[in-house]
Structures are given as structure tokens and as C-alpha cells.
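Data from final.pdb: PDB, C-alpha atoms, pLDDT in the B column
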```pdb
ATOM      1  CA  MET A   1       0.000   0.000   0.000  1.00 72.00           C
ATOM      2  CA  ASP A   2       1.744   3.059  -1.336  1.00 80.00           C
ATOM      3  CA  VAL A   3       0.332   5.747   0.954  1.00 86.00           C
ATOM      4  CA  ASP A   4       3.422   7.937   0.483  1.00 90.00           C
ATOM      5  CA  MET A   5       2.122   8.963  -2.916  1.00 89.00           C
ATOM      6  CA  ILE A   6      -0.918  10.673  -1.384  1.00 91.00           C
ATOM      7  CA  PHE A   7       1.342  12.619   0.955  1.00 91.00           C
ATOM      8  CA  ARG A   8       3.599  13.566  -1.949  1.00 91.00           C
ATOM      9  CA  ILE A   9       0.674  14.882  -3.992  1.00 91.00           C
ATOM     10  CA  ALA A  10      -0.663  16.788  -0.990  1.00 91.00           C
ATOM     11  CA  ALA A  11       2.785  18.319  -0.453  1.00 92.00           C
ATOM     12  CA  ILE A  12       2.940  19.348  -4.110  1.00 92.00           C
ATOM     13  CA  GLY A  13      -0.495  20.913  -3.759  1.00 91.00           C
ATOM     14  CA  ILE A  14       0.488  22.875  -0.645  1.00 91.00           C
ATOM     15  CA  ILE A  15       3.799  24.064  -2.140  1.00 92.00           C
ATOM     16  CA  VAL A  16       2.106  25.118  -5.372  1.00 92.00           C
ATOM     17  CA  ALA A  17      -0.585  26.961  -3.416  1.00 91.00           C
ATOM     18  CA  ILE A  18       2.020  28.851  -1.363  1.00 92.00           C
ATOM     19  CA  LEU A  19       4.112  29.729  -4.430  1.00 92.00           C
ATOM     20  CA  ASN A  20       0.967  30.824  -6.209  1.00 92.00           C
ATOM     21  CA  GLN A  21       0.004  33.165  -3.367  1.00 92.00           C
ATOM     22  CA  LEU A  22       3.533  34.593  -3.167  1.00 93.00           C
ATOM     23  CA  LEU A  23       3.794  35.224  -6.899  1.00 94.00           C
ATOM     24  CA  VAL A  24       0.312  36.736  -7.110  1.00 93.00           C
ATOM     25  CA  ARG A  25       1.055  39.057  -4.180  1.00 93.00           C
ATOM     26  CA  SER A  26       4.289  40.207  -5.831  1.00 93.00           C
ATOM     27  CA  GLY A  27       2.414  40.949  -9.029  1.00 91.00           C
ATOM     28  CA  ARG A  28       3.615  38.110 -11.278  1.00 90.00           C
ATOM     29  CA  GLU A  29       0.349  36.535 -12.285  1.00 90.00           C
ATOM     30  CA  GLU A  30       1.686  34.759 -15.371  1.00 91.00           C
ATOM     31  CA  GLN A  31       4.480  33.074 -13.400  1.00 92.00           C
ATOM     32  CA  ALA A  32       1.916  32.026 -10.804  1.00 91.00           C
ATOM     33  CA  LEU A  33      -0.134  30.400 -13.531  1.00 91.00           C
ATOM     34  CA  LEU A  34       2.941  28.633 -14.893  1.00 93.00           C
ATOM     35  CA  THR A  35       3.808  27.362 -11.401  1.00 92.00           C
ATOM     36  CA  THR A  36       0.297  26.004 -10.980  1.00 91.00           C
ATOM     37  CA  ILE A  37       0.466  24.248 -14.333  1.00 92.00           C
ATOM     38  CA  ALA A  38       3.918  22.790 -13.569  1.00 93.00           C
ATOM     39  CA  GLY A  39       2.750  21.434 -10.214  1.00 92.00           C
ATOM     40  CA  LEU A  40      -0.333  19.966 -11.837  1.00 92.00           C
ATOM     41  CA  VAL A  41       1.753  18.261 -14.526  1.00 93.00           C
ATOM     42  CA  VAL A  42       4.122  16.764 -11.941  1.00 93.00           C
ATOM     43  CA  ALA A  43       1.248  15.420  -9.841  1.00 92.00           C
ATOM     44  CA  LEU A  44      -0.521  14.155 -12.956  1.00 92.00           C
ATOM     45  CA  MET A  45       2.602  12.283 -14.045  1.00 92.00           C
ATOM     46  CA  MET A  46       2.679  10.570 -10.655  1.00 90.00           C
ATOM     47  CA  ILE A  47      -0.998   9.647 -10.847  1.00 92.00           C
ATOM     48  CA  ILE A  48      -0.940   8.446 -14.452  1.00 93.00           C
ATOM     49  CA  SER A  49       1.370   5.520 -13.721  1.00 92.00           C
ATOM     50  CA  GLN A  50      -0.899   4.524 -10.836  1.00 91.00           C
ATOM     51  CA  ILE A  51      -3.989   4.729 -13.049  1.00 92.00           C
ATOM     52  CA  SER A  52      -2.329   2.609 -15.721  1.00 93.00           C
ATOM     53  CA  ASP A  53      -1.454   0.131 -12.988  1.00 91.00           C
ATOM     54  CA  LEU A  54      -5.116   0.123 -11.906  1.00 91.00           C
ATOM     55  CA  PHE A  55      -6.334  -0.475 -15.448  1.00 91.00           C
ATOM     56  CA  ALA A  56      -3.852  -3.317 -16.000  1.00 92.00           C
ATOM     57  CA  THR A  57      -4.886  -4.908 -12.695  1.00 91.00           C
ATOM     58  CA  VAL A  58      -8.590  -4.614 -13.488  1.00 90.00           C
ATOM     59  CA  LYS A  59      -7.960  -6.053 -16.939  1.00 90.00           C
ATOM     60  CA  SER A  60      -6.130  -9.089 -15.601  1.00 90.00           C
ATOM     61  CA  THR A  61      -8.434  -9.594 -12.605  1.00 87.00           C
ATOM     62  CA  PHE A  62     -11.768  -9.413 -14.360  1.00 86.00           C
ATOM     63  CA  GLY A  63     -10.539 -10.888 -17.653  1.00 82.00           C
ATOM     64  CA  LEU A  64     -11.632  -7.895 -19.695  1.00 80.00           C
TER      65      LEU A  64
ATOM     66  CA  MET B   1      -4.556  -5.836   4.265  1.00 63.00           C
ATOM     67  CA  ASN B   2      -7.335  -5.189   6.733  1.00 82.00           C
ATOM     68  CA  ILE B   3     -10.281  -2.855   6.930  1.00 89.00           C
ATOM     69  CA  PHE B   4      -8.527  -0.641   9.485  1.00 90.00           C
ATOM     70  CA  SER B   5      -5.797   0.407   7.063  1.00 89.00           C
ATOM     71  CA  VAL B   6      -8.323   1.058   4.300  1.00 91.00           C
ATOM     72  CA  CYS B   7     -10.399   3.275   6.586  1.00 93.00           C
ATOM     73  CA  GLY B   8      -7.286   4.999   7.927  1.00 91.00           C
ATOM     74  CA  VAL B   9      -6.084   5.811   4.422  1.00 91.00           C
ATOM     75  CA  ALA B  10      -9.548   7.111   3.529  1.00 93.00           C
ATOM     76  CA  ILE B  11      -9.703   9.420   6.553  1.00 93.00           C
ATOM     77  CA  VAL B  12      -6.165  10.742   6.024  1.00 92.00           C
ATOM     78  CA  THR B  13      -6.981  11.343   2.349  1.00 93.00           C
ATOM     79  CA  ALA B  14     -10.168  13.186   3.234  1.00 93.00           C
ATOM     80  CA  VAL B  15      -8.325  15.488   5.635  1.00 92.00           C
ATOM     81  CA  LEU B  16      -5.523  16.159   3.131  1.00 91.00           C
ATOM     82  CA  ALA B  17      -7.974  16.829   0.298  1.00 91.00           C
ATOM     83  CA  LEU B  18      -9.926  19.215   2.516  1.00 91.00           C
ATOM     84  CA  LEU B  19      -6.687  21.007   3.380  1.00 89.00           C
ATOM     85  CA  VAL B  20      -5.574  21.348  -0.236  1.00 89.00           C
ATOM     86  CA  ARG B  21      -8.966  21.951  -1.877  1.00 88.00           C
ATOM     87  CA  ARG B  22      -9.273  25.620  -0.921  1.00 87.00           C
ATOM     88  CA  HIS B  23      -6.008  26.601  -2.607  1.00 84.00           C
ATOM     89  CA  SER B  24      -5.672  24.118  -5.429  1.00 85.00           C
ATOM     90  CA  PRO B  25      -8.777  22.038  -6.197  1.00 88.00           C
ATOM     91  CA  GLN B  26      -7.029  20.057  -8.952  1.00 89.00           C
ATOM     92  CA  SER B  27      -4.579  18.608  -6.433  1.00 90.00           C
ATOM     93  CA  ALA B  28      -7.497  17.579  -4.236  1.00 91.00           C
ATOM     94  CA  LEU B  29      -8.999  15.694  -7.171  1.00 92.00           C
ATOM     95  CA  LEU B  30      -5.676  13.978  -7.871  1.00 92.00           C
ATOM     96  CA  ILE B  31      -5.364  13.017  -4.198  1.00 93.00           C
ATOM     97  CA  SER B  32      -8.813  11.465  -4.246  1.00 93.00           C
ATOM     98  CA  ILE B  33      -8.028   9.511  -7.442  1.00 93.00           C
ATOM     99  CA  GLY B  34      -4.742   8.292  -5.973  1.00 93.00           C
ATOM    100  CA  SER B  35      -6.427   7.159  -2.801  1.00 93.00           C
ATOM    101  CA  GLY B  36      -9.036   5.218  -4.752  1.00 93.00           C
ATOM    102  CA  VAL B  37      -6.394   3.518  -6.877  1.00 93.00           C
ATOM    103  CA  ILE B  38      -4.279   2.612  -3.850  1.00 92.00           C
ATOM    104  CA  THR B  39      -7.262   1.174  -1.987  1.00 92.00           C
ATOM    105  CA  PHE B  40      -8.296  -0.940  -4.956  1.00 91.00           C
ATOM    106  CA  LEU B  41      -4.756  -2.204  -5.580  1.00 91.00           C
ATOM    107  CA  ALA B  42      -4.522  -3.174  -1.925  1.00 90.00           C
ATOM    108  CA  ILE B  43      -7.807  -5.065  -2.001  1.00 90.00           C
ATOM    109  CA  VAL B  44      -7.560  -6.716  -5.427  1.00 89.00           C
ATOM    110  CA  LYS B  45      -5.776  -9.813  -4.086  1.00 90.00           C
ATOM    111  CA  ASN B  46      -8.954 -10.810  -2.249  1.00 90.00           C
ATOM    112  CA  ILE B  47     -11.010 -10.434  -5.420  1.00 88.00           C
ATOM    113  CA  VAL B  48      -8.660 -12.790  -7.275  1.00 89.00           C
ATOM    114  CA  LEU B  49      -8.892 -15.304  -4.415  1.00 91.00           C
ATOM    115  CA  THR B  50     -12.695 -15.105  -4.361  1.00 89.00           C
ATOM    116  CA  SER B  51     -13.061 -15.473  -8.120  1.00 86.00           C
ATOM    117  CA  ASP B  52     -10.740 -18.475  -8.204  1.00 87.00           C
ATOM    118  CA  GLU B  53     -12.690 -20.097  -5.384  1.00 88.00           C
ATOM    119  CA  LEU B  54     -16.012 -19.343  -7.106  1.00 84.00           C
ATOM    120  CA  ARG B  55     -14.732 -20.825 -10.341  1.00 83.00           C
ATOM    121  CA  ALA B  56     -13.610 -23.975  -8.543  1.00 85.00           C
ATOM    122  CA  ILE B  57     -17.001 -24.349  -6.837  1.00 85.00           C
ATOM    123  CA  LEU B  58     -18.896 -23.854 -10.081  1.00 80.00           C
ATOM    124  CA  SER B  59     -16.698 -26.252 -12.042  1.00 80.00           C
ATOM    125  CA  SER B  60     -17.185 -28.902  -9.362  1.00 83.00           C
ATOM    126  CA  GLY B  61     -20.941 -28.303  -9.601  1.00 77.00           C
ATOM    127  CA  ASN B  62     -20.800 -29.055 -13.345  1.00 75.00           C
ATOM    128  CA  ILE B  63     -21.655 -25.498 -14.423  1.00 75.00           C
ATOM    129  CA  ARG B  64     -19.795 -24.013 -17.377  1.00 75.00           C
ATOM    130  CA  SER B  65     -17.171 -21.472 -16.392  1.00 74.00           C
ATOM    131  CA  ASP B  66     -18.160 -19.116 -19.251  1.00 78.00           C
ATOM    132  CA  TYR B  67     -20.947 -17.775 -17.093  1.00 80.00           C
ATOM    133  CA  ILE B  68     -18.678 -16.801 -14.226  1.00 81.00           C
ATOM    134  CA  MET B  69     -16.316 -15.144 -16.739  1.00 84.00           C
ATOM    135  CA  ILE B  70     -19.193 -13.026 -18.048  1.00 88.00           C
ATOM    136  CA  LEU B  71     -20.161 -12.157 -14.485  1.00 86.00           C
ATOM    137  CA  LEU B  72     -16.603 -11.109 -13.666  1.00 87.00           C
ATOM    138  CA  LYS B  73     -16.328  -9.042 -16.839  1.00 90.00           C
ATOM    139  CA  ALA B  74     -19.557  -7.219 -16.037  1.00 92.00           C
ATOM    140  CA  LEU B  75     -18.279  -6.637 -12.507  1.00 91.00           C
ATOM    141  CA  GLY B  76     -15.045  -5.159 -13.838  1.00 91.00           C
ATOM    142  CA  ILE B  77     -16.852  -2.863 -16.273  1.00 94.00           C
ATOM    143  CA  CYS B  78     -19.196  -1.742 -13.495  1.00 94.00           C
ATOM    144  CA  PHE B  79     -16.306  -1.023 -11.149  1.00 92.00           C
ATOM    145  CA  LEU B  80     -14.321   1.000 -13.690  1.00 93.00           C
ATOM    146  CA  THR B  81     -17.401   2.918 -14.816  1.00 95.00           C
ATOM    147  CA  GLU B  82     -18.408   3.745 -11.269  1.00 95.00           C
ATOM    148  CA  PHE B  83     -14.890   4.859 -10.363  1.00 93.00           C
ATOM    149  CA  THR B  84     -14.627   7.132 -13.394  1.00 94.00           C
ATOM    150  CA  CYS B  85     -18.182   8.444 -12.964  1.00 96.00           C
ATOM    151  CA  ASP B  86     -17.569   9.450  -9.374  1.00 95.00           C
ATOM    152  CA  THR B  87     -14.244  11.079 -10.226  1.00 93.00           C
ATOM    153  CA  VAL B  88     -15.740  13.048 -13.099  1.00 94.00           C
ATOM    154  CA  THR B  89     -18.724  14.079 -10.978  1.00 95.00           C
ATOM    155  CA  GLU B  90     -16.351  15.301  -8.299  1.00 92.00           C
ATOM    156  CA  ALA B  91     -14.609  17.412 -10.930  1.00 91.00           C
ATOM    157  CA  GLY B  92     -18.010  18.960 -11.679  1.00 92.00           C
ATOM    158  CA  LEU B  93     -18.679  17.468 -15.128  1.00 94.00           C
ATOM    159  CA  LEU B  94     -22.118  15.958 -14.591  1.00 95.00           C
ATOM    160  CA  SER B  95     -22.996  15.482 -18.260  1.00 96.00           C
ATOM    161  CA  LEU B  96     -19.767  13.587 -18.973  1.00 96.00           C
ATOM    162  CA  SER B  97     -20.439  11.416 -15.930  1.00 96.00           C
ATOM    163  CA  THR B  98     -23.898  10.555 -17.278  1.00 96.00           C
ATOM    164  CA  ASN B  99     -22.384   9.689 -20.663  1.00 96.00           C
ATOM    165  CA  ILE B 100     -19.776   7.407 -19.103  1.00 96.00           C
ATOM    166  CA  SER B 101     -22.472   5.727 -17.043  1.00 96.00           C
ATOM    167  CA  PHE B 102     -24.487   5.106 -20.212  1.00 96.00           C
ATOM    168  CA  ALA B 103     -21.409   3.714 -21.983  1.00 96.00           C
ATOM    169  CA  GLY B 104     -20.858   1.344 -19.060  1.00 96.00           C
ATOM    170  CA  LYS B 105     -24.464   0.129 -19.237  1.00 96.00           C
ATOM    171  CA  VAL B 106     -24.194  -0.501 -22.978  1.00 96.00           C
ATOM    172  CA  LEU B 107     -20.923  -2.392 -22.578  1.00 95.00           C
ATOM    173  CA  VAL B 108     -22.345  -4.538 -19.768  1.00 94.00           C
ATOM    174  CA  LEU B 109     -25.303  -5.341 -22.015  1.00 94.00           C
ATOM    175  CA  VAL B 110     -22.961  -6.297 -24.862  1.00 94.00           C
ATOM    176  CA  THR B 111     -20.941  -8.466 -22.496  1.00 92.00           C
ATOM    177  CA  ALA B 112     -24.058 -10.237 -21.238  1.00 91.00           C
ATOM    178  CA  LEU B 113     -25.517 -10.780 -24.718  1.00 92.00           C
ATOM    179  CA  PRO B 114     -24.269 -14.408 -25.082  1.00 88.00           C
ATOM    180  CA  LEU B 115     -26.025 -15.184 -21.807  1.00 87.00           C
ATOM    181  CA  PHE B 116     -29.315 -13.833 -23.163  1.00 88.00           C
ATOM    182  CA  LYS B 117     -28.834 -15.900 -26.302  1.00 89.00           C
ATOM    183  CA  GLU B 118     -28.246 -18.988 -24.169  1.00 87.00           C
ATOM    184  CA  VAL B 119     -31.410 -18.366 -22.158  1.00 88.00           C
ATOM    185  CA  LEU B 120     -33.437 -17.816 -25.320  1.00 90.00           C
ATOM    186  CA  SER B 121     -32.160 -21.008 -26.928  1.00 91.00           C
ATOM    187  CA  MET B 122     -32.938 -22.892 -23.705  1.00 89.00           C
ATOM    188  CA  VAL B 123     -36.479 -21.520 -23.677  1.00 92.00           C
ATOM    189  CA  SER B 124     -37.027 -22.333 -27.343  1.00 91.00           C
ATOM    190  CA  ALA B 125     -35.698 -25.864 -26.791  1.00 91.00           C
ATOM    191  CA  MET B 126     -38.110 -26.327 -23.880  1.00 89.00           C
ATOM    192  CA  VAL B 127     -41.041 -24.986 -25.915  1.00 89.00           C
ATOM    193  CA  GLY B 128     -40.081 -27.207 -28.840  1.00 84.00           C
ATOM    194  CA  ALA B 129     -39.815 -30.247 -26.568  1.00 73.00           C
ATOM    195  CA  SER B 130     -43.281 -29.794 -25.053  1.00 65.00           C
TER     196      SER B 130
END
```
Write the structure described by the file as C-alpha cells, please.
Amino acid sequence: MDVDMIFRIAAIGIIVAILNQLLVRSGREEQALLTTIAGLVVALMMIISQISDLFATVKSTFGL
Amino acid sequence: MNIFSVCGVAIVTAVLALLVRRHSPQSALLISIGSGVITFLAIVKNIVLTSDELRAILSSGNIRSDYIMILLKALGICFLTEFTCDTVTEAGLLSLSTNISFAGKVLVLVTALPLFKEVLSMVSAMVGAS
């Protein structure tokens, strides 16, 4: 059970939120948007392998 | 893998998602998907055990194992559809969720079609015999 991944994604979310706030407060909205997108891509990359794992497991378990 | 760890993971995930949701909702969605995947991957061993046992029981009872395969396939389609539906609904795309649900129903129907054919041929054989 790979619970660490949930903590990692939560940490990415918190860090991105803080960076976003900081950059917006200092008047760099476009960089804040880029930071948000980068964080989202990183978290998505982590999730995608898990989802592919889930699909492969479902496929082999239920004989789809 | 026991029920306590599953529930613990669910509660921790809920708290983390609640914490993150206010500032970045997309991360909260990813956390919820990850938690669902992890829980299923932890529990899937029991499903394999149960299906093997069920297959053994049915084969000893002289019932064809095609039926249990169809049942398992329908179960898998239902699970995947439900998982995706709930995730998409959580993201706020209700119409897409309805579409996916419909697709799942159609695919379950297609999977179960040989069973219907079998039942129909059985009925027609019985009617022809009487």
C-alpha cells in the first residue's frame, strides 16, 4: 500500500498553493499560472502511472 | 490488508484533500483519485482469491465457467465505470459522468448478450420439446 504517494501529492499541492500566493502578491500573475500548471503536470505524471497500474490490474483480474 | 488500514487511508486522504482543496482544487482531485487507486490495488488480491474459489465451486458443480467469466467481466466494467463516474462528478462534469455511465451500461449489455442468447435457446428448446 503506497500511501506515500498521497502525501507527496498533498505536499505538491500545498507548495504550489504557497508559491501561487507569493507570486500573485508580488504581481507576477503569469508566473503564478505557470507554477500552478507545472505542479499539476508533476502530480498528474505521478498519478498516471498509478492509473495505468489500476487499469492493468482490473484487466487481468476481471478478464476484460 | 485489513479494513482498518483502508479506513485509515480514507480518513487521512479526506483530511488532506480538505486542506488542499481551498487553494488548489485540482490537487485535491488527484489526491482522491490516488487514494481510490491505492485502496483498490490493496484489495484486489482478495477479489482474485474469491473469483478463483467461485470458479472452482462452479466447475465442481458441473456449471460451465463461461458464465462466471461473463459475471466477472460485467463486474469489472461496473467497477471501472463507477470509479470514473464518481471522479468526473467530483470534478463537476455531470454530463460527462452521465455519458460514461451510459457507456458502461451498454458495454455490460454487450458483455451479457451471449447469456441472453443462451437463455433464449434454452427456452425455445423447452417450448419445442413440449
Residues near stretch 47-63 of chain A, anyone? I mean within 12 Å using all atoms listed in the file, not counting same-chain ones fewer than 3 positions away, as a PDB file with C-alpha atoms, in the coordinates of the input.
```pdb
ATOM      1  CA  MET A   1       0.000   0.000   0.000  1.00 72.00           C
ATOM      2  CA  ASP A   2       1.744   3.059  -1.336  1.00 80.00           C
ATOM      3  CA  VAL A   3       0.332   5.747   0.954  1.00 86.00           C
ATOM      4  CA  MET A   5       2.122   8.963  -2.916  1.00 89.00           C
ATOM      5  CA  ILE A   6      -0.918  10.673  -1.384  1.00 91.00           C
ATOM      6  CA  ARG A   8       3.599  13.566  -1.949  1.00 91.00           C
ATOM      7  CA  ILE A   9       0.674  14.882  -3.992  1.00 91.00           C
ATOM      8  CA  LEU A  40      -0.333  19.966 -11.837  1.00 92.00           C
ATOM      9  CA  VAL A  41       1.753  18.261 -14.526  1.00 93.00           C
ATOM     10  CA  VAL A  42       4.122  16.764 -11.941  1.00 93.00           C
ATOM     11  CA  ALA A  43       1.248  15.420  -9.841  1.00 92.00           C
ATOM     12  CA  LEU A  44      -0.521  14.155 -12.956  1.00 92.00           C
TER      13      LEU A  44
ATOM     14  CA  SER B  27      -4.579  18.608  -6.433  1.00 90.00           C
ATOM     15  CA  LEU B  29      -8.999  15.694  -7.171  1.00 92.00           C
ATOM     16  CA  LEU B  30      -5.676  13.978  -7.871  1.00 92.00           C
ATOM     17  CA  ILE B  31      -5.364  13.017  -4.198  1.00 93.00           C
ATOM     18  CA  SER B  32      -8.813  11.465  -4.246  1.00 93.00           C
ATOM     19  CA  ILE B  33      -8.028   9.511  -7.442  1.00 93.00           C
ATOM     20  CA  GLY B  34      -4.742   8.292  -5.973  1.00 93.00           C
ATOM     21  CA  SER B  35      -6.427   7.159  -2.801  1.00 93.00           C
ATOM     22  CA  GLY B  36      -9.036   5.218  -4.752  1.00 93.00           C
ATOM     23  CA  VAL B  37      -6.394   3.518  -6.877  1.00 93.00           C
ATOM     24  CA  ILE B  38      -4.279   2.612  -3.850  1.00 92.00           C
ATOM     25  CA  THR B  39      -7.262   1.174  -1.987  1.00 92.00           C
ATOM     26  CA  PHE B  40      -8.296  -0.940  -4.956  1.00 91.00           C
ATOM     27  CA  LEU B  41      -4.756  -2.204  -5.580  1.00 91.00           C
ATOM     28  CA  ALA B  42      -4.522  -3.174  -1.925  1.00 90.00           C
ATOM     29  CA  ILE B  43      -7.807  -5.065  -2.001  1.00 90.00           C
ATOM     30  CA  VAL B  44      -7.560  -6.716  -5.427  1.00 89.00           C
ATOM     31  CA  LYS B  45      -5.776  -9.813  -4.086  1.00 90.00           C
ATOM     32  CA  ASN B  46      -8.954 -10.810  -2.249  1.00 90.00           C
ATOM     33  CA  ILE B  47     -11.010 -10.434  -5.420  1.00 88.00           C
ATOM     34  CA  VAL B  48      -8.660 -12.790  -7.275  1.00 89.00           C
ATOM     35  CA  LEU B  49      -8.892 -15.304  -4.415  1.00 91.00           C
ATOM     36  CA  THR B  50     -12.695 -15.105  -4.361  1.00 89.00           C
ATOM     37  CA  SER B  51     -13.061 -15.473  -8.120  1.00 86.00           C
ATOM     38  CA  ASP B  52     -10.740 -18.475  -8.204  1.00 87.00           C
ATOM     39  CA  ASP B  66     -18.160 -19.116 -19.251  1.00 78.00           C
ATOM     40  CA  ILE B  68     -18.678 -16.801 -14.226  1.00 81.00           C
ATOM     41  CA  MET B  69     -16.316 -15.144 -16.739  1.00 84.00           C
ATOM     42  CA  ILE B  70     -19.193 -13.026 -18.048  1.00 88.00           C
ATOM     43  CA  LEU B  71     -20.161 -12.157 -14.485  1.00 86.00           C
ATOM     44  CA  LEU B  72     -16.603 -11.109 -13.666  1.00 87.00           C
ATOM     45  CA  LYS B  73     -16.328  -9.042 -16.839  1.00 90.00           C
ATOM     46  CA  ALA B  74     -19.557  -7.219 -16.037  1.00 92.00           C
ATOM     47  CA  LEU B  75     -18.279  -6.637 -12.507  1.00 91.00           C
ATOM     48  CA  GLY B  76     -15.045  -5.159 -13.838  1.00 91.00           C
ATOM     49  CA  ILE B  77     -16.852  -2.863 -16.273  1.00 94.00           C
ATOM     50  CA  CYS B  78     -19.196  -1.742 -13.495  1.00 94.00           C
ATOM     51  CA  PHE B  79     -16.306  -1.023 -11.149  1.00 92.00           C
ATOM     52  CA  LEU B  80     -14.321   1.000 -13.690  1.00 93.00           C
ATOM     53  CA  THR B  81     -17.401   2.918 -14.816  1.00 95.00           C
ATOM     54  CA  PHE B  83     -14.890   4.859 -10.363  1.00 93.00           C
ATOM     55  CA  THR B  84     -14.627   7.132 -13.394  1.00 94.00           C
ATOM     56  CA  THR B 111     -20.941  -8.466 -22.496  1.00 92.00           C
TER      57      THR B 111
END
```
Checklist outcome for this item: Students should find that atom CA of B:Ser124 and atom CA of B:Leu107 are spaced 26.1 Å
Next on the checklist: One decimal, in Å: what's the spacing between atom CA of B:Val20 and atom CA of A:Met46?
Outcome noted: 17.1 Å
Item to check | Selection result of the PyMOL selection byres ((chain B and resi 97) around 12) on this file, as an MDAnalysis selection string | outcome: chainID B and resid 81:96 98:104
Checklist entry - Between atom CA of B:Phe4 and atom CA of A:Asp4, what is the distance, to one decimal in Å? => result 17.2 Å
Checklist entry - What do you get, as a PyMOL selection string, if you spell out every residue that the PyMOL selection byres ((chain A and resi 17) around 10) selects here? => result (chain A and resi 11-16+18-23+32+35-36+39) or (chain B and resi 20-25+27)
Quick one: 8 Å padding each side, axis-aligned, all listed atoms of stretch 54-60 of chain A - centre and edge lengths in Å to one decimal, as JSON?
```
{"center_x": -6.2, "center_y": -4.5, "center_z": -14.4, "size_x": 20.7, "size_y": 25.2, "size_z": 21.0}
```
Item to check | Long-range neighbours of B:Tyr67 as JSON, numbers by chain, 12 Å cut-off, all atoms listed in the file, 4 positions minimum in chain | outcome: {"B": [54, 55, 58, 59, 62, 63, 71, 72, 73, 74, 111, 112, 113, 114, 115, 116, 118, 119]}
Item to check | Using only C-alpha atoms: which of B:Met126, B:Val110, B:Val6, B:Leu16 has the shortest distance to chain A | outcome: B:Leu16
From the structure just shown, export chain A with C-alpha atoms as an mmCIF file, in the first residue's frame.
```cif
data_model
loop_
_atom_site.group_PDB
_atom_site.id
_atom_site.type_symbol
_atom_site.label_atom_id
_atom_site.label_comp_id
_atom_site.auth_asym_id
_atom_site.auth_seq_id
_atom_site.Cartn_x
_atom_site.Cartn_y
_atom_site.Cartn_z
ATOM 1 C CA MET A 1 0.000 0.000 0.000
ATOM 2 C CA ASP A 2 1.744 3.059 -1.336
ATOM 3 C CA VAL A 3 0.332 5.747 0.954
ATOM 4 C CA ASP A 4 3.422 7.937 0.483
ATOM 5 C CA MET A 5 2.122 8.963 -2.916
ATOM 6 C CA ILE A 6 -0.918 10.673 -1.384
ATOM 7 C CA PHE A 7 1.342 12.619 0.955
ATOM 8 C CA ARG A 8 3.599 13.566 -1.949
ATOM 9 C CA ILE A 9 0.674 14.882 -3.992
ATOM 10 C CA ALA A 10 -0.663 16.788 -0.990
ATOM 11 C CA ALA A 11 2.785 18.319 -0.453
ATOM 12 C CA ILE A 12 2.940 19.348 -4.110
ATOM 13 C CA GLY A 13 -0.495 20.913 -3.759
ATOM 14 C CA ILE A 14 0.488 22.875 -0.645
ATOM 15 C CA ILE A 15 3.799 24.064 -2.140
ATOM 16 C CA VAL A 16 2.106 25.118 -5.372
ATOM 17 C CA ALA A 17 -0.585 26.961 -3.416
ATOM 18 C CA ILE A 18 2.020 28.851 -1.363
ATOM 19 C CA LEU A 19 4.112 29.729 -4.430
ATOM 20 C CA ASN A 20 0.967 30.824 -6.209
ATOM 21 C CA GLN A 21 0.004 33.165 -3.367
ATOM 22 C CA LEU A 22 3.533 34.593 -3.167
ATOM 23 C CA LEU A 23 3.794 35.224 -6.899
ATOM 24 C CA VAL A 24 0.312 36.736 -7.110
ATOM 25 C CA ARG A 25 1.055 39.057 -4.180
ATOM 26 C CA SER A 26 4.289 40.207 -5.831
ATOM 27 C CA GLY A 27 2.414 40.949 -9.029
ATOM 28 C CA ARG A 28 3.615 38.110 -11.278
ATOM 29 C CA GLU A 29 0.349 36.535 -12.285
ATOM 30 C CA GLU A 30 1.686 34.759 -15.371
ATOM 31 C CA GLN A 31 4.480 33.074 -13.400
ATOM 32 C CA ALA A 32 1.916 32.026 -10.804
ATOM 33 C CA LEU A 33 -0.134 30.400 -13.531
ATOM 34 C CA LEU A 34 2.941 28.633 -14.893
ATOM 35 C CA THR A 35 3.808 27.362 -11.401
ATOM 36 C CA THR A 36 0.297 26.004 -10.980
ATOM 37 C CA ILE A 37 0.466 24.248 -14.333
ATOM 38 C CA ALA A 38 3.918 22.790 -13.569
ATOM 39 C CA GLY A 39 2.750 21.434 -10.214
ATOM 40 C CA LEU A 40 -0.333 19.966 -11.837
ATOM 41 C CA VAL A 41 1.753 18.261 -14.526
ATOM 42 C CA VAL A 42 4.122 16.764 -11.941
ATOM 43 C CA ALA A 43 1.248 15.420 -9.841
ATOM 44 C CA LEU A 44 -0.521 14.155 -12.956
ATOM 45 C CA MET A 45 2.602 12.283 -14.045
ATOM 46 C CA MET A 46 2.679 10.570 -10.655
ATOM 47 C CA ILE A 47 -0.998 9.647 -10.847
ATOM 48 C CA ILE A 48 -0.940 8.446 -14.452
ATOM 49 C CA SER A 49 1.370 5.520 -13.721
ATOM 50 C CA GLN A 50 -0.899 4.524 -10.836
ATOM 51 C CA ILE A 51 -3.989 4.729 -13.049
ATOM 52 C CA SER A 52 -2.329 2.609 -15.721
ATOM 53 C CA ASP A 53 -1.454 0.131 -12.988
ATOM 54 C CA LEU A 54 -5.116 0.123 -11.906
ATOM 55 C CA PHE A 55 -6.334 -0.475 -15.448
ATOM 56 C CA ALA A 56 -3.852 -3.317 -16.000
ATOM 57 C CA THR A 57 -4.886 -4.908 -12.695
ATOM 58 C CA VAL A 58 -8.590 -4.614 -13.488
ATOM 59 C CA LYS A 59 -7.960 -6.053 -16.939
ATOM 60 C CA SER A 60 -6.130 -9.089 -15.601
ATOM 61 C CA THR A 61 -8.434 -9.594 -12.605
ATOM 62 C CA PHE A 62 -11.768 -9.413 -14.360
ATOM 63 C CA GLY A 63 -10.539 -10.888 -17.653
ATOM 64 C CA LEU A 64 -11.632 -7.895 -19.695
#
```
